[in-house]
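Here is the structure we will look at.
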Amino acid sequence: MLRKEKSTNKKPALVEAASAPIKMDEAAERWSRQKIDRYQVAQPPGMLHRLVSRLRIPEYIVDSTAPKLPSAGDITAVPAGQRRNLAFMSPEQTAGPLKARRPDNRRVLNDTTYPWRCCGRVITAAGQCTGALVGPRHLLTVSHVVDWTVTQGKVGWLRFEPGYFDGEVFRPSHAVEVYSYDRIAATTVDDFEVASDYVVCVLDSPIGNKLGWFGSKTYDPSWDEYMYWSHVGYPEDLGGGTRPYFEGPVTVKNSWRPGFLEKGHGRNIHIHASTSNGDSGGPFFGWWDNGPHIVGVVCAAGRLNPVITHPIIRSGNWVGGGEPLPSLIEQARIESP
């Protein structure tokens, strides 16, 4: 007969429960970027911010800056690329973010001739957009994509990838300085912000000496309603921000100075063109006898606020430009050659 073992009924020893994780805001307070003294791995450089006054010394105030055309003469006014069959928005809709205007004539751009290689993709901690070279190491792009968070006296990093097409085509550069009239941190359709929503970044290498760069001009309202213009960008609705797209020629429908009496600095330029998220910062430009000149930066879509006059025609896609634009480029090029 088998002997039945006596049960001890002993409970296993209690294991102390693991402590709960700390909350995200507590972790962020303990390990914040502001508390880092040095990095184990090199980080993209932050940018020194040069906040520019609109009342400046005379040599910075110009109506235009000159382009740099390539000595080889490899210049094309219309880029190589493929036109796509695109869906049209209904004629009753107002143009807005991620909505193309009718008809949508954008085409994918795959060209390394001048000036198309001067355009490229811009990446920051705040997002992705487009930019264009306007000097030896000077990049024109939109203000609202800059990461304006200040860390150790610098704002966030910015990377420029010229000619980016499903990958790097030319060697990218990082910005070390940024010149601006304002810090515009969000995409809005405020008339003062649209008119000033651009910056000039100084890059860490003079890539413009090899690739060339655009000139710039003060936009003249006598050019309204004419089909002189083109733009380039990295729209999310077509290429997912991985390929550049070109549209041209397009029309400026109208333009205004900001403010109740339209006496503010800069100009809100209302364009009849297709734009999308990712196009912001892209050059809006025309051609002159000495080459292409940028007159504004693609920056917003929607109804311009405040609406004082012409409420219907003040809804659409917007470019910021006007007399301060070439002057900002000139100051950056003189102070940071």
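To be explicit about the labels: the chains of the structure tokens are called A, B, and onward in the order shown, and within each one the residues are counted from 1, while ligands get numbers from 1 in the order they are shown.
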Do you know which residues are at most 10 Å from A:Pro206 counting only C-alpha atoms, after dropping those on the same chain fewer than 2 positions away, and could you put them as a PyMOL selection string? chain A and resi 135-138+173+202-204+208-212+337
From the DSSP assignment of the backbone, select every residue of stretch 41-237 of chain A that is strand (DSSP E), and format the answer as a VMD selection string. chain A and resid 48 to 51 64 to 65 81 to 83 107 to 109 119 to 124 127 to 135 138 to 141 158 to 162 173 to 180 199 to 203 215 to 217 229 to 233
Per residue of stretch 218-284 of chain A within 12 Å of stretch 58-64 of chain A, which atom pair is closest and at what distance in Å (one decimal), using only C-alpha atoms, listed by chain and increasing number, as a tab-separated table?
residue	atom	partner	partner_atom	distance
A:Thr218	CA	A:Asp63	CA	5.4
A:Tyr219	CA	A:Asp63	CA	9.0
A:Asp220	CA	A:Asp63	CA	10.3
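Counting only C-alpha atoms and comparing A:Ala66, A:Ile36, A:Met47, A:Ala332, the residue that lies closest to A:Trp288 is A:Ala66.
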Find the residues near A:Ala300: any atom within 12 Å, counting only C-alpha atoms, skip ones fewer than 2 places away on the same chain, and give them as a ChimeraX atom specification. /A:95-99,142-145,186-191,193-198,268-271,273-282,296-298,302-305,315-320
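The protein and nucleic acid residues lying at most 10 Å from A:Pro244 are Gly81, Arg106, Arg107, Val108, Leu109, Asn110, Asp111, Trp116, Cys119, Gly120, Arg121, Thr130, Gly163, Tyr164, Phe165, Asp166, Val232, Gly233, Tyr234, Pro235, Leu238, Gly239, Gly278, Asp279 and Gly282 of chain A, with only C-alpha atoms considered and sequence neighbours fewer than 5 positions away removed.
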Would you mind listing what lies within 10 Å of A:Thr151 as a PDB file with N, CA and C atoms, in the first residue's frame, with only C-alpha atoms counted and same-chain residues fewer than 2 positions away left out?
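Final file, out.pdb:
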ATOM      1  N   ARG A  33      16.513  67.277 -23.358  1.00  0.00           N
ATOM      2  CA  ARG A  33      17.609  67.704 -24.223  1.00  0.00           C
ATOM      3  C   ARG A  33      18.338  68.906 -23.639  1.00  0.00           C
ATOM      4  N   GLN A  34      17.615  69.736 -22.920  1.00  0.00           N
ATOM      5  CA  GLN A  34      18.234  70.933 -22.342  1.00  0.00           C
ATOM      6  C   GLN A  34      19.268  70.583 -21.275  1.00  0.00           C
ATOM      7  N   LYS A  35      19.219  69.373 -20.716  1.00  0.00           N
ATOM      8  CA  LYS A  35      20.135  68.998 -19.636  1.00  0.00           C
ATOM      9  C   LYS A  35      21.363  68.239 -20.133  1.00  0.00           C
ATOM     10  N   ILE A  36      21.477  68.030 -21.445  1.00  0.00           N
ATOM     11  CA  ILE A  36      22.622  67.303 -21.986  1.00  0.00           C
ATOM     12  C   ILE A  36      23.803  68.251 -22.152  1.00  0.00           C
ATOM     13  N   GLY A  46      22.642  72.739 -34.289  1.00  0.00           N
ATOM     14  CA  GLY A  46      21.575  73.721 -34.172  1.00  0.00           C
ATOM     15  C   GLY A  46      21.962  74.985 -34.924  1.00  0.00           C
ATOM     16  N   MET A  47      21.015  75.904 -35.078  1.00  0.00           N
ATOM     17  CA  MET A  47      21.259  77.124 -35.837  1.00  0.00           C
ATOM     18  C   MET A  47      21.270  78.340 -34.921  1.00  0.00           C
ATOM     19  N   TRP A 148      11.738  76.178 -33.789  1.00  0.00           N
ATOM     20  CA  TRP A 148      12.172  77.388 -33.086  1.00  0.00           C
ATOM     21  C   TRP A 148      12.466  77.147 -31.603  1.00  0.00           C
ATOM     22  N   THR A 149      12.443  75.897 -31.163  1.00  0.00           N
ATOM     23  CA  THR A 149      12.793  75.589 -29.779  1.00  0.00           C
ATOM     24  C   THR A 149      14.260  75.927 -29.532  1.00  0.00           C
ATOM     25  N   GLY A 153      21.145  78.065 -26.524  1.00  0.00           N
ATOM     26  CA  GLY A 153      21.304  79.288 -27.307  1.00  0.00           C
ATOM     27  C   GLY A 153      21.069  79.137 -28.793  1.00  0.00           C
ATOM     28  N   LYS A 154      20.655  77.954 -29.252  1.00  0.00           N
ATOM     29  CA  LYS A 154      20.432  77.734 -30.682  1.00  0.00           C
ATOM     30  C   LYS A 154      19.046  77.155 -30.909  1.00  0.00           C
ATOM     31  N   VAL A 155      18.496  77.427 -32.101  1.00  0.00           N
ATOM     32  CA  VAL A 155      17.236  76.796 -32.483  1.00  0.00           C
ATOM     33  C   VAL A 155      17.557  75.454 -33.128  1.00  0.00           C
ATOM     34  N   GLY A 156      16.509  74.696 -33.474  1.00  0.00           N
ATOM     35  CA  GLY A 156      16.696  73.320 -33.926  1.00  0.00           C
ATOM     36  C   GLY A 156      17.422  73.192 -35.255  1.00  0.00           C
TER      37      GLY A 156
END
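Atom to atom, atom CA of A:Glu225 and atom CA of A:Arg267 stand 15.4 Å apart.
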